[in-house]
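Dumped upload_16.txt below, it's compact mmCIF, C-alpha atoms:
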```
# COMPACT_ATOMS: atom_id res chain seq x y z
CA MET A 1 339.81 -29.34 116.11
CA ALA A 2 339.46 -25.55 116.15
CA LEU A 3 341.35 -23.36 118.56
CA LEU A 4 339.45 -20.17 117.93
CA PHE A 5 338.03 -18.75 121.11
CA ASP A 6 335.56 -15.95 121.67
CA TYR A 7 337.03 -12.83 123.15
CA PRO A 8 336.40 -12.42 126.87
CA PRO A 9 334.49 -9.38 128.13
CA PRO A 10 336.55 -6.18 128.08
CA GLU A 11 338.90 -5.43 130.95
CA LYS A 12 340.16 -1.98 131.91
CA GLU A 13 343.84 -2.80 131.41
CA TYR A 14 345.75 -4.93 128.87
CA ILE A 15 349.32 -5.87 128.05
CA LEU A 16 350.31 -6.08 124.38
CA ILE A 17 353.58 -7.66 123.21
CA ASP A 18 353.90 -7.40 119.44
CA ASP A 19 356.62 -6.30 117.04
CA GLU A 20 354.37 -4.43 114.58
CA VAL A 21 353.98 -0.65 114.93
CA LEU A 22 350.59 -0.66 113.22
CA VAL A 23 349.17 -3.13 115.74
CA HIS A 24 350.30 -0.88 118.60
CA LYS A 25 348.70 2.17 116.99
CA LEU A 26 345.42 0.31 116.42
CA TRP A 27 345.24 -0.98 119.99
CA HIS A 28 345.99 2.46 121.47
CA LEU A 29 343.46 4.18 119.21
CA TYR A 30 340.67 1.81 120.22
CA ALA A 31 341.75 1.88 123.88
CA LYS A 32 341.55 5.66 124.02
CA ARG A 33 337.99 5.55 122.64
CA GLN A 34 336.96 2.97 125.26
CA ASN A 35 338.86 4.53 128.18
CA ILE A 36 341.02 1.39 128.49
CA GLY A 37 344.70 1.19 129.37
CA VAL A 38 347.17 -0.61 127.14
CA ASN A 39 350.75 -1.25 128.19
CA SER A 40 352.52 -2.12 124.97
CA PHE A 41 355.93 -3.61 124.28
CA TYR A 42 357.68 -4.46 121.02
CA SER A 43 359.43 -7.58 122.32
CA ILE A 44 359.36 -10.02 125.20
CA GLU A 45 362.79 -8.71 126.19
CA GLU A 46 361.46 -5.14 126.39
CA PHE A 47 358.59 -6.38 128.57
CA PHE A 48 360.88 -8.18 131.02
CA ALA A 49 363.25 -5.19 131.12
CA SER A 50 360.36 -3.06 132.42
CA ASP A 51 359.08 -3.13 136.00
CA ILE A 52 356.67 -6.03 135.48
CA SER A 53 355.80 -6.05 139.19
CA ILE A 54 353.41 -3.13 138.53
CA PHE A 55 351.10 -5.38 136.52
CA PRO A 56 348.49 -7.49 138.28
CA LEU A 57 349.11 -11.12 137.32
CA LYS A 58 345.52 -11.41 136.08
CA THR A 59 345.99 -8.63 133.50
CA PRO A 60 345.09 -10.03 130.06
CA LEU A 61 348.33 -10.35 128.13
CA TYR A 62 348.31 -10.66 124.33
CA LEU A 63 351.49 -12.07 122.85
CA ASP A 64 352.33 -12.14 119.15
CA PHE A 65 352.71 -15.71 117.85
CA ASN A 66 354.88 -14.68 114.89
CA PHE A 67 357.76 -12.63 116.20
CA ARG A 68 360.31 -12.04 113.52
CA ASP A 69 362.70 -14.87 114.21
CA LYS A 70 366.28 -13.85 114.81
CA ASP A 71 368.05 -17.16 114.30
CA GLY A 72 365.60 -19.06 112.13
CA GLN A 73 363.89 -20.45 115.23
CA ASP A 74 360.57 -22.21 114.73
CA PRO A 75 357.77 -19.72 115.65
CA LEU A 76 355.92 -22.41 117.64
CA VAL A 77 358.99 -23.20 119.75
CA LEU A 78 359.62 -19.49 120.33
CA ALA A 79 355.96 -18.84 121.23
CA LEU A 80 355.85 -21.74 123.70
CA ASP A 81 359.12 -20.57 125.25
CA ASN A 82 357.74 -17.04 125.65
CA VAL A 83 354.50 -18.33 127.19
CA SER A 84 356.51 -20.48 129.59
CA ARG A 85 358.61 -17.48 130.66
CA LEU A 86 355.46 -15.44 131.30
CA LYS A 87 353.84 -18.25 133.29
CA THR A 88 357.01 -18.62 135.36
CA HIS A 89 356.54 -15.01 136.44
CA GLY A 90 352.95 -15.76 137.43
CA PHE A 91 350.95 -14.27 134.56
CA GLU A 92 347.67 -16.15 134.28
CA HIS A 93 345.80 -14.80 131.25
CA ILE A 94 348.18 -15.20 128.33
CA ARG A 95 346.72 -15.25 124.84
CA LEU A 96 348.73 -15.84 121.71
CA PHE A 97 347.48 -14.06 118.64
CA SER A 98 348.41 -13.77 114.98
CA GLY A 99 347.21 -12.30 111.73
CA GLN A 100 347.83 -15.68 110.11
CA PHE A 101 344.50 -17.35 109.43
CA LYS A 102 345.52 -20.97 108.97
CA PHE A 103 347.72 -23.15 111.09
CA ASP A 104 348.71 -26.73 110.53
CA GLN A 105 347.27 -29.36 112.81
CA GLU A 106 350.55 -29.91 114.64
CA VAL A 107 350.57 -26.29 115.83
CA GLN A 108 346.89 -26.45 116.80
CA LYS A 109 347.41 -29.70 118.67
CA LYS A 110 350.40 -28.39 120.61
CA LEU A 111 348.61 -25.19 121.63
CA TYR A 112 345.59 -27.25 122.69
CA GLU A 113 347.79 -29.61 124.74
CA GLU A 114 349.44 -26.65 126.45
CA ASN A 115 346.01 -25.10 127.15
CA ILE A 116 346.98 -21.85 125.42
CA SER A 117 344.28 -19.52 124.13
CA PHE A 118 344.87 -18.47 120.56
CA TYR A 119 343.32 -15.90 118.26
CA THR A 120 343.70 -15.56 114.51
CA GLU A 121 343.38 -11.81 114.33
CA LYS A 122 345.15 -8.90 115.93
CA ARG A 123 342.25 -6.56 116.55
CA PRO A 124 341.86 -5.36 120.11
CA PRO A 125 339.56 -7.48 122.31
CA TYR A 126 337.57 -4.44 123.44
```

Go through the file and emit its structure as structure tokens.
Amino acid sequence: MALLFDYPPPEKEYILIDDEVLVHKLWHLYAKRQNIGVNSFYSIEEFFASDISIFPLKTPLYLDFNFRDKDGQDPLVLALDNVSRLKTHGFEHIRLFSGQFKFDQEVQKKLYEENISFYTEKRPPY
């Protein structure tokens, strides 16, 4: 059971939530070349502290699967919690992504059951 999905066609605006500076720089560099907007945040807390009402709920939102855990929390549990929080606020196009290329079947099964799109690379989708 593979959970790798093709990237959707490019949009004009994206939301990035990732804790790696290099990922932010890469996304902004490519966005500038393509005339695409990227609203980037380094944590889910930073995102919710912003005025999220300015974002259309259909804006593609890319969320890091592997946030540096603060209390030894399981990354899957944290990711599912973050996705749930985003869905509660009405965001519709949430995609988890990670630079990790292999995931155990339990993680794949849970993401599949929750109908969560997942990508195994952090390159921009445009």

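Minimum distance to His24 of chain A across A:Asn39, A:Ser53, A:Ile44, A:Asn66 (counting all atoms listed in the file) occurs at A:Asn39.
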
Can you list, as a CSV table (one decimal) with C-alpha atoms, in the coordinates of the input, every protein, DNA or RNA residue that comes within 10 Å of His93 of chain A when you count only C-alpha atoms, leaving out same-chain residues fewer than 6 positions away?
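Output contents, as saved in part-v5.csv:
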```
chain,number,residue,atom,x,y,z
A,57,LEU,CA,349.1,-11.1,137.3
A,58,LYS,CA,345.5,-11.4,136.1
A,59,THR,CA,346.0,-8.6,133.5
A,60,PRO,CA,345.1,-10.0,130.1
A,61,LEU,CA,348.3,-10.4,128.1
A,62,TYR,CA,348.3,-10.7,124.3
A,86,LEU,CA,355.5,-15.4,131.3
A,87,LYS,CA,353.8,-18.2,133.3
A,116,ILE,CA,347.0,-21.8,125.4
A,117,SER,CA,344.3,-19.5,124.1
```

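Closest approach to Gly37 of chain A among A:Ile52, A:Tyr126, A:Phe91, A:Gln108: A:Tyr126, based on only C-alpha atoms.
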
Pick out the residues sitting within 9 Å of Leu111 of chain A, and hand them over as an mmCIF file with C-alpha atoms, keeping the file's coordinate frame; count all atoms listed in the file, and ignore anything fewer than 5 positions along from it in its own chain.
```
data_model
loop_
_atom_site.group_PDB
_atom_site.id
_atom_site.type_symbol
_atom_site.label_atom_id
_atom_site.label_comp_id
_atom_site.auth_asym_id
_atom_site.auth_seq_id
_atom_site.Cartn_x
_atom_site.Cartn_y
_atom_site.Cartn_z
ATOM 1 C CA LEU A 3 341.350 -23.360 118.560
ATOM 2 C CA LEU A 76 355.920 -22.410 117.640
ATOM 3 C CA LEU A 80 355.850 -21.740 123.700
ATOM 4 C CA GLU A 106 350.550 -29.910 114.640
ATOM 5 C CA ILE A 116 346.980 -21.850 125.420
ATOM 6 C CA SER A 117 344.280 -19.520 124.130
ATOM 7 C CA PHE A 118 344.870 -18.470 120.560
#
```

* To do: May I have the residues within 6 Å of segment 95-99 of chain A as number ranges by chain, using only C-alpha atoms and disregarding those fewer than 6 positions away in the same chain?
  => A: 62-65, 117-122

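With atom CA of Ser43 of chain A on one side and atom CA of Lys102 of chain A on the other, the separation reads 23.5 Å.
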
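Atom CA of Val83 of chain A sits 24.1 Å away from atom CA of Ala31 of chain A.
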
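Across the model, the gap from atom CA of Gly90 of chain A to atom CA of His28 of chain A is 25.2 Å.
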
**Message:** Could you list, as a list of chain:residue names, every residue within 8 Å of Phe67 of chain A, counting all atoms listed in the file and ignoring same-chain residues fewer than 5 positions away?
**Reply:** A:Asp18, A:Asp19, A:Pro75

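Taking only C-alpha atoms into account, Asn35 of chain A lies nearest to A:Glu13 out of the set A:Glu114, A:Asp74, A:Glu13, A:Glu20.
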
Restricting to all atoms listed in the file, whichever of A:Ile17, A:Lys12, A:Phe47, A:Tyr112 is closest to Gln34 of chain A is A:Lys12

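The closest residue to His89 of chain A, picked from A:Phe48, A:Val77, A:Leu16, A:Asp71 and counting only C-alpha atoms, is A:Phe48.
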
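Between Ile36 of chain A and the residues A:Val107, A:Ile15, A:Leu78, A:Ile94, the shortest atom-to-atom distance, using only C-alpha atoms, involves A:Ile15.
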